[in-house]
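K.L.:
Next up, structure.txt (compact mmCIF, N, CA and C atoms).
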# COMPACT_ATOMS: atom_id res chain seq x y z
N MET O 1 1.80 8.26 -18.72
CA MET O 1 0.95 8.92 -17.75
C MET O 1 1.25 10.42 -17.79
N SER O 2 0.22 11.22 -17.69
CA SER O 2 0.42 12.66 -17.82
C SER O 2 1.17 13.21 -16.62
N GLN O 3 1.82 14.34 -16.85
CA GLN O 3 2.56 15.00 -15.79
C GLN O 3 1.63 15.47 -14.67
N GLN O 4 0.39 15.86 -15.03
CA GLN O 4 -0.58 16.31 -14.02
C GLN O 4 -0.94 15.17 -13.07
N ILE O 5 -1.17 13.97 -13.61
CA ILE O 5 -1.52 12.82 -12.77
C ILE O 5 -0.35 12.46 -11.87
N GLU O 6 0.84 12.44 -12.42
CA GLU O 6 2.03 12.14 -11.61
C GLU O 6 2.21 13.17 -10.50
N ALA O 7 2.00 14.46 -10.81
CA ALA O 7 2.13 15.52 -9.81
C ALA O 7 1.07 15.35 -8.72
N ALA O 8 -0.16 14.99 -9.10
CA ALA O 8 -1.23 14.79 -8.12
C ALA O 8 -0.93 13.59 -7.22
N LYS O 9 -0.43 12.51 -7.79
CA LYS O 9 -0.08 11.33 -7.00
C LYS O 9 1.04 11.67 -6.01
N LYS O 10 2.01 12.41 -6.45
CA LYS O 10 3.12 12.80 -5.59
C LYS O 10 2.62 13.69 -4.44
N LEU O 11 1.73 14.64 -4.76
CA LEU O 11 1.17 15.52 -3.74
C LEU O 11 0.38 14.72 -2.71
N ALA O 12 -0.42 13.75 -3.18
CA ALA O 12 -1.20 12.91 -2.26
C ALA O 12 -0.29 12.11 -1.34
N ALA O 13 0.79 11.58 -1.88
CA ALA O 13 1.73 10.80 -1.07
C ALA O 13 2.43 11.69 -0.04
N TYR O 14 2.88 12.86 -0.46
CA TYR O 14 3.53 13.79 0.48
C TYR O 14 2.55 14.23 1.57
N THR O 15 1.29 14.47 1.21
CA THR O 15 0.29 14.87 2.19
C THR O 15 0.05 13.76 3.21
N ALA O 16 -0.02 12.52 2.73
CA ALA O 16 -0.20 11.38 3.65
C ALA O 16 0.96 11.30 4.63
N VAL O 17 2.17 11.48 4.14
CA VAL O 17 3.34 11.46 5.02
C VAL O 17 3.29 12.63 6.01
N ASP O 18 3.01 13.83 5.50
CA ASP O 18 2.96 15.01 6.38
C ASP O 18 1.92 14.86 7.49
N ASN O 19 0.79 14.23 7.17
CA ASN O 19 -0.31 14.11 8.14
C ASN O 19 -0.17 12.93 9.09
N HIS O 20 0.65 11.94 8.76
CA HIS O 20 0.67 10.71 9.56
C HIS O 20 2.04 10.24 10.03
N VAL O 21 3.10 10.86 9.56
CA VAL O 21 4.45 10.45 9.95
C VAL O 21 5.12 11.62 10.69
N LYS O 22 5.58 11.34 11.89
CA LYS O 22 6.24 12.37 12.70
C LYS O 22 7.72 12.47 12.31
N PRO O 23 8.30 13.65 12.45
CA PRO O 23 9.73 13.80 12.12
C PRO O 23 10.63 12.88 12.93
N THR O 24 10.17 12.47 14.12
CA THR O 24 10.99 11.61 14.98
C THR O 24 10.80 10.12 14.67
N ASP O 25 9.85 9.79 13.78
CA ASP O 25 9.60 8.39 13.45
C ASP O 25 10.78 7.79 12.69
N LYS O 26 11.00 6.52 12.93
CA LYS O 26 12.02 5.76 12.22
C LYS O 26 11.39 5.26 10.91
N LEU O 27 11.92 5.66 9.78
CA LEU O 27 11.35 5.30 8.49
C LEU O 27 12.03 4.06 7.92
N ILE O 28 11.22 3.07 7.63
CA ILE O 28 11.70 1.84 7.03
C ILE O 28 10.75 1.49 5.90
N GLY O 29 11.26 1.27 4.73
CA GLY O 29 10.43 0.89 3.60
C GLY O 29 10.29 -0.63 3.55
N ILE O 30 9.06 -1.10 3.54
CA ILE O 30 8.80 -2.53 3.45
C ILE O 30 8.02 -2.75 2.17
N GLY O 31 8.67 -3.28 1.18
CA GLY O 31 8.04 -3.49 -0.12
C GLY O 31 7.29 -4.80 -0.17
N SER O 32 6.19 -4.79 -0.93
CA SER O 32 5.39 -6.01 -1.06
C SER O 32 5.77 -6.80 -2.31
N GLY O 33 6.62 -6.25 -3.12
CA GLY O 33 7.04 -6.94 -4.34
C GLY O 33 8.35 -6.39 -4.85
N PHE O 34 8.84 -6.95 -5.93
CA PHE O 34 10.15 -6.57 -6.47
C PHE O 34 10.21 -5.09 -6.83
N GLN O 35 9.19 -4.59 -7.53
CA GLN O 35 9.21 -3.19 -7.98
C GLN O 35 9.21 -2.22 -6.80
N SER O 36 8.38 -2.48 -5.80
CA SER O 36 8.33 -1.56 -4.65
C SER O 36 9.65 -1.61 -3.87
N LYS O 37 10.27 -2.77 -3.78
CA LYS O 37 11.57 -2.85 -3.10
C LYS O 37 12.63 -2.06 -3.86
N GLN O 38 12.58 -2.12 -5.18
CA GLN O 38 13.52 -1.34 -6.00
C GLN O 38 13.31 0.15 -5.79
N LEU O 39 12.05 0.58 -5.72
CA LEU O 39 11.75 2.00 -5.49
C LEU O 39 12.28 2.45 -4.12
N ILE O 40 12.16 1.61 -3.12
CA ILE O 40 12.65 1.93 -1.78
C ILE O 40 14.16 2.11 -1.81
N VAL O 41 14.86 1.15 -2.38
CA VAL O 41 16.32 1.20 -2.45
C VAL O 41 16.78 2.40 -3.30
N ASN O 42 16.17 2.58 -4.48
CA ASN O 42 16.54 3.70 -5.35
C ASN O 42 16.24 5.05 -4.72
N GLY O 43 15.26 5.10 -3.82
CA GLY O 43 14.92 6.34 -3.12
C GLY O 43 15.80 6.62 -1.93
N GLY O 44 16.74 5.71 -1.65
CA GLY O 44 17.66 5.92 -0.55
C GLY O 44 17.08 5.62 0.83
N LEU O 45 15.96 4.89 0.87
CA LEU O 45 15.35 4.53 2.15
C LEU O 45 15.90 3.20 2.64
N ARG O 46 15.77 2.98 3.93
CA ARG O 46 16.18 1.72 4.54
C ARG O 46 15.14 0.66 4.18
N LEU O 47 15.59 -0.46 3.66
CA LEU O 47 14.70 -1.54 3.26
C LEU O 47 14.57 -2.54 4.40
N GLY O 48 13.33 -2.86 4.75
CA GLY O 48 13.05 -3.83 5.79
C GLY O 48 12.13 -4.91 5.29
N ASP O 49 11.81 -5.84 6.16
CA ASP O 49 10.92 -6.94 5.84
C ASP O 49 9.89 -7.06 6.95
N VAL O 50 8.67 -7.43 6.59
CA VAL O 50 7.61 -7.51 7.60
C VAL O 50 7.92 -8.54 8.67
N SER O 51 8.75 -9.52 8.37
CA SER O 51 9.14 -10.50 9.40
C SER O 51 10.05 -9.86 10.45
N GLN O 52 10.75 -8.78 10.10
CA GLN O 52 11.60 -8.06 11.05
C GLN O 52 10.79 -7.07 11.89
N TYR O 53 9.74 -6.53 11.28
CA TYR O 53 8.95 -5.48 11.92
C TYR O 53 7.48 -5.91 11.91
N THR O 54 7.11 -6.68 12.91
CA THR O 54 5.75 -7.21 12.96
C THR O 54 4.75 -6.18 13.49
N HIS O 55 5.24 -5.09 14.08
CA HIS O 55 4.39 -3.99 14.55
C HIS O 55 4.79 -2.75 13.74
N ILE O 56 3.85 -2.21 12.99
CA ILE O 56 4.11 -1.04 12.15
C ILE O 56 3.15 0.07 12.56
N ASP O 57 3.67 1.25 12.81
CA ASP O 57 2.81 2.37 13.21
C ASP O 57 1.91 2.83 12.07
N VAL O 58 2.51 3.10 10.90
CA VAL O 58 1.75 3.62 9.77
C VAL O 58 2.18 2.91 8.50
N THR O 59 1.20 2.46 7.74
CA THR O 59 1.45 1.93 6.40
C THR O 59 0.73 2.83 5.41
N ILE O 60 1.44 3.28 4.38
CA ILE O 60 0.85 4.10 3.32
C ILE O 60 1.01 3.32 2.02
N ASP O 61 -0.11 3.09 1.35
CA ASP O 61 -0.07 2.27 0.14
C ASP O 61 -1.16 2.73 -0.82
N GLY O 62 -1.11 2.23 -2.01
CA GLY O 62 -2.12 2.53 -3.03
C GLY O 62 -3.18 1.46 -3.06
N ALA O 63 -4.23 1.70 -3.83
CA ALA O 63 -5.32 0.73 -4.00
C ALA O 63 -5.50 0.45 -5.47
N ASP O 64 -6.03 -0.72 -5.77
CA ASP O 64 -6.33 -1.08 -7.15
C ASP O 64 -7.72 -0.60 -7.56
N GLU O 65 -8.65 -0.59 -6.62
CA GLU O 65 -10.02 -0.12 -6.85
C GLU O 65 -10.59 0.44 -5.55
N VAL O 66 -11.42 1.49 -5.64
CA VAL O 66 -12.07 2.08 -4.48
C VAL O 66 -13.52 2.40 -4.85
N ASP O 67 -14.47 2.03 -3.96
CA ASP O 67 -15.87 2.35 -4.24
C ASP O 67 -16.29 3.61 -3.48
N SER O 68 -17.55 4.01 -3.61
CA SER O 68 -18.04 5.26 -3.01
C SER O 68 -18.07 5.21 -1.49
N ASN O 69 -18.03 4.03 -0.88
CA ASN O 69 -17.98 3.88 0.58
C ASN O 69 -16.56 3.75 1.10
N LEU O 70 -15.58 3.93 0.22
CA LEU O 70 -14.15 3.82 0.51
C LEU O 70 -13.71 2.40 0.84
N ASN O 71 -14.51 1.41 0.44
CA ASN O 71 -14.03 0.03 0.46
C ASN O 71 -13.06 -0.08 -0.70
N CYS O 72 -12.05 -0.90 -0.55
CA CYS O 72 -11.08 -0.97 -1.63
C CYS O 72 -10.57 -2.39 -1.85
N ILE O 73 -10.03 -2.57 -3.03
CA ILE O 73 -9.33 -3.80 -3.36
C ILE O 73 -7.85 -3.47 -3.40
N LYS O 74 -7.11 -4.20 -2.61
CA LYS O 74 -5.66 -4.07 -2.54
C LYS O 74 -5.05 -5.37 -3.02
N GLY O 75 -3.94 -5.27 -3.65
CA GLY O 75 -3.22 -6.49 -4.01
C GLY O 75 -3.90 -7.30 -5.07
N GLY O 76 -4.38 -6.65 -6.12
CA GLY O 76 -4.97 -7.38 -7.23
C GLY O 76 -3.91 -8.11 -8.04
N GLY O 77 -2.66 -7.82 -7.77
CA GLY O 77 -1.57 -8.45 -8.50
C GLY O 77 -1.01 -9.65 -7.77
N ALA O 78 0.25 -9.89 -7.98
CA ALA O 78 0.89 -11.11 -7.48
C ALA O 78 1.26 -11.05 -6.00
N CYS O 79 1.15 -9.88 -5.38
CA CYS O 79 1.62 -9.73 -4.00
C CYS O 79 0.48 -9.62 -3.00
N GLN O 80 -0.62 -10.30 -3.24
CA GLN O 80 -1.81 -10.19 -2.40
C GLN O 80 -1.53 -10.51 -0.94
N LEU O 81 -0.88 -11.61 -0.67
CA LEU O 81 -0.64 -12.02 0.71
C LEU O 81 0.25 -11.03 1.43
N GLN O 82 1.34 -10.63 0.81
CA GLN O 82 2.28 -9.69 1.44
C GLN O 82 1.58 -8.36 1.75
N GLU O 83 0.73 -7.87 0.84
CA GLU O 83 0.02 -6.62 1.09
C GLU O 83 -0.96 -6.75 2.24
N LYS O 84 -1.62 -7.88 2.36
CA LYS O 84 -2.55 -8.13 3.46
C LYS O 84 -1.79 -8.16 4.80
N VAL O 85 -0.65 -8.82 4.83
CA VAL O 85 0.16 -8.90 6.05
C VAL O 85 0.60 -7.50 6.48
N LEU O 86 1.04 -6.68 5.54
CA LEU O 86 1.47 -5.32 5.86
C LEU O 86 0.31 -4.48 6.40
N ALA O 87 -0.85 -4.61 5.78
CA ALA O 87 -2.03 -3.85 6.22
C ALA O 87 -2.44 -4.26 7.64
N GLU O 88 -2.42 -5.55 7.91
CA GLU O 88 -2.82 -6.05 9.22
C GLU O 88 -1.81 -5.69 10.31
N ALA O 89 -0.55 -5.53 9.96
CA ALA O 89 0.49 -5.22 10.95
C ALA O 89 0.48 -3.75 11.36
N ALA O 90 -0.23 -2.92 10.61
CA ALA O 90 -0.19 -1.48 10.85
C ALA O 90 -1.26 -1.02 11.83
N ASN O 91 -0.87 -0.10 12.74
CA ASN O 91 -1.86 0.57 13.59
C ASN O 91 -2.75 1.47 12.75
N THR O 92 -2.14 2.18 11.81
CA THR O 92 -2.86 3.09 10.92
C THR O 92 -2.53 2.69 9.48
N PHE O 93 -3.57 2.49 8.70
CA PHE O 93 -3.39 2.08 7.31
C PHE O 93 -3.99 3.16 6.42
N ILE O 94 -3.14 3.84 5.66
CA ILE O 94 -3.55 4.94 4.79
C ILE O 94 -3.53 4.45 3.34
N VAL O 95 -4.63 4.66 2.64
CA VAL O 95 -4.72 4.29 1.23
C VAL O 95 -4.76 5.57 0.40
N VAL O 96 -3.89 5.64 -0.60
CA VAL O 96 -3.84 6.76 -1.52
C VAL O 96 -4.29 6.25 -2.88
N ALA O 97 -5.31 6.91 -3.46
CA ALA O 97 -5.80 6.49 -4.77
C ALA O 97 -6.31 7.71 -5.53
N ASP O 98 -6.14 7.72 -6.83
CA ASP O 98 -6.66 8.82 -7.63
C ASP O 98 -7.96 8.40 -8.33
N TYR O 99 -8.52 9.31 -9.09
CA TYR O 99 -9.83 9.09 -9.72
C TYR O 99 -9.86 7.86 -10.63
N ARG O 100 -8.72 7.43 -11.14
CA ARG O 100 -8.70 6.28 -12.05
C ARG O 100 -9.00 4.97 -11.32
N LYS O 101 -8.93 4.98 -9.99
CA LYS O 101 -9.18 3.77 -9.20
C LYS O 101 -10.63 3.68 -8.74
N LYS O 102 -11.44 4.71 -9.03
CA LYS O 102 -12.84 4.74 -8.61
C LYS O 102 -13.65 3.69 -9.37
N SER O 103 -14.50 2.97 -8.62
CA SER O 103 -15.32 1.91 -9.21
C SER O 103 -16.68 1.90 -8.54
N SER O 104 -17.74 1.80 -9.33
CA SER O 104 -19.08 1.74 -8.73
C SER O 104 -19.33 0.39 -8.07
N ILE O 105 -18.73 -0.66 -8.62
CA ILE O 105 -18.83 -2.01 -8.05
C ILE O 105 -17.43 -2.61 -8.01
N LEU O 106 -16.97 -2.96 -6.82
CA LEU O 106 -15.63 -3.53 -6.69
C LEU O 106 -15.51 -4.83 -7.46
N GLY O 107 -14.37 -5.01 -8.07
CA GLY O 107 -14.10 -6.24 -8.82
C GLY O 107 -14.41 -6.12 -10.30
N THR O 108 -14.88 -4.96 -10.73
CA THR O 108 -15.21 -4.80 -12.15
C THR O 108 -14.06 -4.22 -12.97
N SER O 109 -13.16 -3.49 -12.30
CA SER O 109 -12.04 -2.87 -13.02
C SER O 109 -10.75 -3.67 -12.91
N VAL O 110 -10.64 -4.45 -11.86
CA VAL O 110 -9.42 -5.23 -11.61
C VAL O 110 -9.74 -6.70 -11.83
N SER O 111 -8.90 -7.35 -12.57
CA SER O 111 -9.07 -8.78 -12.79
C SER O 111 -8.41 -9.52 -11.64
N LEU O 112 -9.24 -10.07 -10.75
CA LEU O 112 -8.71 -10.80 -9.60
C LEU O 112 -8.64 -12.28 -9.92
N LYS O 113 -7.49 -12.84 -9.69
CA LYS O 113 -7.28 -14.26 -9.95
C LYS O 113 -6.76 -14.92 -8.70
N PRO O 114 -7.65 -15.45 -7.86
CA PRO O 114 -7.16 -16.12 -6.66
C PRO O 114 -6.20 -17.24 -7.03
N SER O 115 -5.03 -17.21 -6.39
CA SER O 115 -4.03 -18.22 -6.72
C SER O 115 -3.80 -19.19 -5.57
N PHE O 116 -4.40 -18.90 -4.40
CA PHE O 116 -4.20 -19.78 -3.26
C PHE O 116 -5.25 -19.48 -2.21
N LEU O 117 -5.41 -20.40 -1.30
CA LEU O 117 -6.21 -20.19 -0.11
C LEU O 117 -5.28 -20.35 1.07
N LEU O 118 -5.47 -19.53 2.09
CA LEU O 118 -4.58 -19.58 3.24
C LEU O 118 -5.42 -19.63 4.50
N ARG O 119 -5.20 -20.62 5.29
CA ARG O 119 -5.89 -20.73 6.59
C ARG O 119 -5.26 -19.73 7.54
N GLU O 120 -6.09 -19.07 8.35
CA GLU O 120 -5.57 -18.10 9.31
C GLU O 120 -4.65 -18.79 10.30
N VAL O 121 -3.51 -18.17 10.54
CA VAL O 121 -2.51 -18.74 11.43
C VAL O 121 -2.21 -17.75 12.53
N HIS O 122 -2.12 -18.23 13.76
CA HIS O 122 -1.78 -17.35 14.90
C HIS O 122 -0.52 -17.83 15.54
Let me see the structure of the file written as structure tokens.
P.N.:
Amino acid sequence: MSQQIEAAKKLAAYTAVDNHVKPTDKLIGIGSGFQSKQLIVNGGLRLGDVSQYTHIDVTIDGADEVDSNLNCIKGGGACQLQEKVLAEAANTFIVVADYRKKSSILGTSVSLKPSFLLREVH
């Protein structure tokens, strides 16, 4: 990946944090999969689990695909359920995506393979 794309992604992430996270907020990284958990630990952040923190003020995450109406596909990979739970637990859900995630029709760029059905549980 080019250095320009990496720099733009980093700037977008920092901007999301600057605009939505207060200096007094308690920061806890909740990863949806093995790689994101490793990034949290390697970044020196406190690692948590959504079962510990069922109420989340702000969730910042990436998208797999985004259309012109800002509808998006999240969790096209193996962590679909965990990503949905994190998004639903958040008061504010921020999606960061670059031009490579733009799609005129959702589902055309990401290969979605439903692996399970889950009945809503309360």
K.L.:
If you run DSSP on the backbone here, which positions in range 15-75 of chain O get alpha helix (DSSP H)? Please write them as a list in words.
P.N.:
Thr15, Ala16, Val17, Asp18, Asn19, His20, Phe34, Gln35, Ser36, Lys37, Gln38, Leu39, Ile40, Val41 and Asn42 of chain O
K.L.:
Between O:Ser104, O:Thr24, O:Gln4, O:Ser109, which has the minimum distance to Asp67 in chain O (counting only C-alpha atoms)?
P.N.:
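Checking each candidate against Asp67 in chain O, we get O:Ser104 as the closest.
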K.L.:
Pick from O:Ile94, O:Ile105, O:Leu11, O:Ala89: nearest to Tyr53 in chain O, with only N, CA and C atoms counted?
P.N.:
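Under the stated criterion, the closest residue is O:Ala89.
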K.L.:
My list of candidates is O:Ser103, O:Ser32, O:Gln3, O:Thr15. Which is closest to Ser68 in chain O when distances are computed with all atoms listed in the file?
P.N.:
O:Ser103
K.L.:
Would you mind telling me which residue in O:Val96, O:Asp18, O:Ser36, O:Ile5 lies nearest to Val66 in chain O when using only C-alpha atoms?
P.N.:
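Closest candidate: O:Val96.
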K.L.:
Kindly give the distance, in Å, that separates atom C of Glu65 in chain O and atom C of Gly43 in chain O, rounded to a single decimal.
P.N.:
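So the answer is 27.3 Å.
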K.L.:
Counting all atoms listed in the file, which residue out of O:Ile40, O:Val58, O:Val50, O:Ala90 sits closest to Val21 in chain O?
P.N.:
O:Val58
